[in-house]
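Here is the structure we will look at, set down as structure tokens.
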Amino acid sequence: MKLISLLGATGSIGTQTLDVIKEHPAEFKLVAMSVGNNIGLARKIIVDFQPELVSVKEKGDIEQLAIEFPRTKFTYGEEGLVEIAVYEKSEVLVNAVLGSVGLYPTLQAIESGKIIALANKETLVTAGHIIMDASKKHNIPLLPVDSEHSAIFQALQGNKMKNVEQLIITASGGSFRDRKRSELENVTVKEALSHPNWSMGAKITIDSATMMNKGLEVIEAHWLFDMPYDKINVLLHKESIIHSMVEFHDSSIIAQLGSPDMRVPIQFALSYPDRLPLSSSRRLNLAEVGLLHFQEMDFNRFRCLHFAIEAGKKGGTLPTVLNAANEVAVAAFLEGKVTFLQIEDLIEKALSAHQSISNPDLTIIQEVDKETRQYVQTLL
């Protein structure tokens with residue numbers, strides 16, 4: 001049995017991770033978790049899974065929860081996230097929180113010897129060099145949870161990286177994939193949140209619509225698989241059946257296919273190197289699908305993808321700026337403060353205003369992150 005700590009238990013990836021744990025009670029046990037503001041759902045999870053340690057966002061939530069669940073220990077805030085990440089009884093940390101808040105707990109978990117199942121994009125986007133150095137130093141595997149990186153990871157099983165020609169990351173195109181830029185001027189939040197294939201949280205769904213999500217995934221793939229950016233390609237694939245591919249020097253391409261269901265890559269990360277049944281997942285019927293479609297990415301149409309790849313290539317603190325500006329801009333859009341296309345404008349202004357710092361340490365990354373958020377707030 002693998003003992004699991006889960007950061008972001010009430011989010012989209014978190015709840016689907018709990019689905020996997022619940023389906024395999026003899027294989028996995030939740031021993032520690034963090035939650036945000038959804039205390040109602042947190043209560044249900046505590047009842048169902050009985051974790052030993054729970055971190056909440058606000059200190060004020062602890063008192064009542066402690067009365068209701070006297071056998072559970074409670075903590076809070078960013079320090080609480082670290083406590084969950086390094087909890088001595090857990091073996092695996094599933095990092096499913098949103099945002100750069102997931103960076104420091106991941107680093108601490110690596111240093112404490114935990115296996116990392118990573119769904120938090122910002123950890124590698126903002127500090128990939130630090131995380132990968134720590135992973136190698138402590139001999140800790142980083143198991144990808146994102147469907148695209150899991151697909152690449154699965155396609156590489158039994159193969160050697162020296163034989164890889166390129167990584168091909170597929171993209172659904174998001175909510176507005178069939179619209180021209182001129183048709184995006186007045187799109188609503190509700191329209192943006194209507195993803196055609198995947199069930200995800202609000203922030204990631206907006207990132208999918210802008211294609212920033214795919215840009216962040218390119219940066220992640222660069223670090224996870226030690227692959228230069230000119231060897232990572234993005235291909236539009238509307239059906240989301242092929243989750244990504246690896247092309248080898250001999251022109252062979254290995255693809256990982258499946259119905260769009262995040263529980264599949266989550267479970268693979270938890271069960272690796274084994275595979276377990278997943279009875280709740282819909283099996284792929286290729287005869288029913290019939291056709292799969294692919295097309296080249298249009299970087300003029302999806303400017304955020306271009307921003308991300310260029311920031312990744314230039315490196316330094318630019319990916320930190322990219323991520324921080326995007327988080328603030330997306331939050332502003334969800335709150336109705338800016339239009340959909342203004343998300344791109346805010347990110348571009350933040351990148352243009354920044355003087356990149358090469359090989360930043362954790363302190364510099366945190367400072368740049370904070371400064372960028374403050375700068376974008378002034379633009380609002």
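If you're wondering about the labels, chains in the structure tokens are A, B, ... by order shown, residues count from 1 in each chain, ligands from 1 in order shown.
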**Asked** Hey, what does DSSP flag as alpha helix (DSSP H) within segment 241-355 of chain A? Can you give it to me as a PyMOL selection string?
**Response** chain A and resi 263-271+286-289+303-314+318-334+342-353
Checklist line | strand (DSSP E) per DSSP on the backbone: members of segment 186-277 of chain A, as number ranges by chain | finding: A: 232-236, 242-248, 253-257
Just the selected residues (C-alpha atoms), exported as a compact mmCIF listing (two decimals), in the first residue's frame, please.
```txt
# COMPACT_ATOMS: atom_id res chain seq x y z
CA ILE A 232 9.18 19.88 -28.96
CA ASN A 233 6.28 20.36 -31.37
CA VAL A 234 2.61 21.20 -30.68
CA LEU A 235 -0.11 19.75 -32.89
CA LEU A 236 -3.80 20.66 -32.85
CA ILE A 242 -4.04 10.89 -28.78
CA HIS A 243 -2.66 12.60 -25.70
CA SER A 244 0.87 13.05 -27.07
CA MET A 245 3.48 11.26 -29.19
CA VAL A 246 7.19 10.56 -29.38
CA GLU A 247 8.97 10.38 -32.73
CA PHE A 248 12.24 8.44 -32.89
CA ILE A 253 6.12 7.37 -33.78
CA ILE A 254 4.69 5.96 -30.56
CA ALA A 255 1.44 7.52 -29.38
CA GLN A 256 -0.59 7.04 -26.20
CA LEU A 257 -4.35 6.95 -26.81
```
Would you mind listing what lies within 10 Å of Gly11 of chain A as a short mmCIF file (atom, residue, chain, number, x, y, z; two decimals) with C-alpha atoms, in the first residue's frame, with only C-alpha atoms counted and same-chain residues fewer than 2 positions away left out?
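Saved file around36.cif follows:
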```
data_model
loop_
_atom_site.label_atom_id
_atom_site.label_comp_id
_atom_site.auth_asym_id
_atom_site.auth_seq_id
_atom_site.Cartn_x
_atom_site.Cartn_y
_atom_site.Cartn_z
CA LEU A 7 -2.00 19.04 -2.10
CA GLY A 8 -5.21 20.55 -3.49
CA ALA A 9 -7.68 17.83 -2.49
CA ILE A 13 -7.22 17.00 -10.09
CA GLY A 14 -7.50 16.50 -6.33
CA THR A 15 -11.02 15.10 -6.43
CA GLN A 16 -10.12 12.81 -9.32
CA THR A 17 -7.09 11.61 -7.37
CA VAL A 35 -7.71 22.10 0.99
CA GLY A 36 -8.62 25.64 0.00
CA ASN A 38 -14.22 24.61 0.05
CA LEU A 41 -16.20 19.36 0.55
CA ALA A 96 -2.46 19.23 -7.48
CA VAL A 97 -2.59 22.84 -6.27
CA LEU A 98 -2.86 25.70 -8.70
CA MET A 200 -11.05 20.82 -15.54
CA GLY A 201 -10.94 23.68 -13.09
CA ALA A 202 -11.75 27.24 -14.18
#
```
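Proximity to Ile241 of chain A at 8 Å, evaluated using only C-alpha atoms and with sequence-adjacent residues fewer than 6 positions away removed, yields Leu257, Gly258, Ser259, Pro260 and Leu292 of chain A.
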Check: Leaving out Ile219 of chain A and any residue of its chain fewer than 6 positions from it, which residues lie within 12 Å of it when counting only C-alpha atoms, given as number ranges by chain?
Finding: A: 121-129, 149, 169, 212-213, 225-234, 305-315, 318-320, 322-323
Fewer than 2 positions away in the same chain doesn't count, so skip those; otherwise give me all residues within 10 Å of Ala42 of chain A, counting only C-alpha atoms, as a list of chain:residue names.
A:Ala9, A:Thr10, A:Met33, A:Ser34, A:Val35, A:Gly36, A:Asn37, A:Asn38, A:Ile39, A:Gly40, A:Lys44, A:Ile45, A:Ile46, A:Val47, A:Asp48, A:Val54, A:Val56, A:Leu65
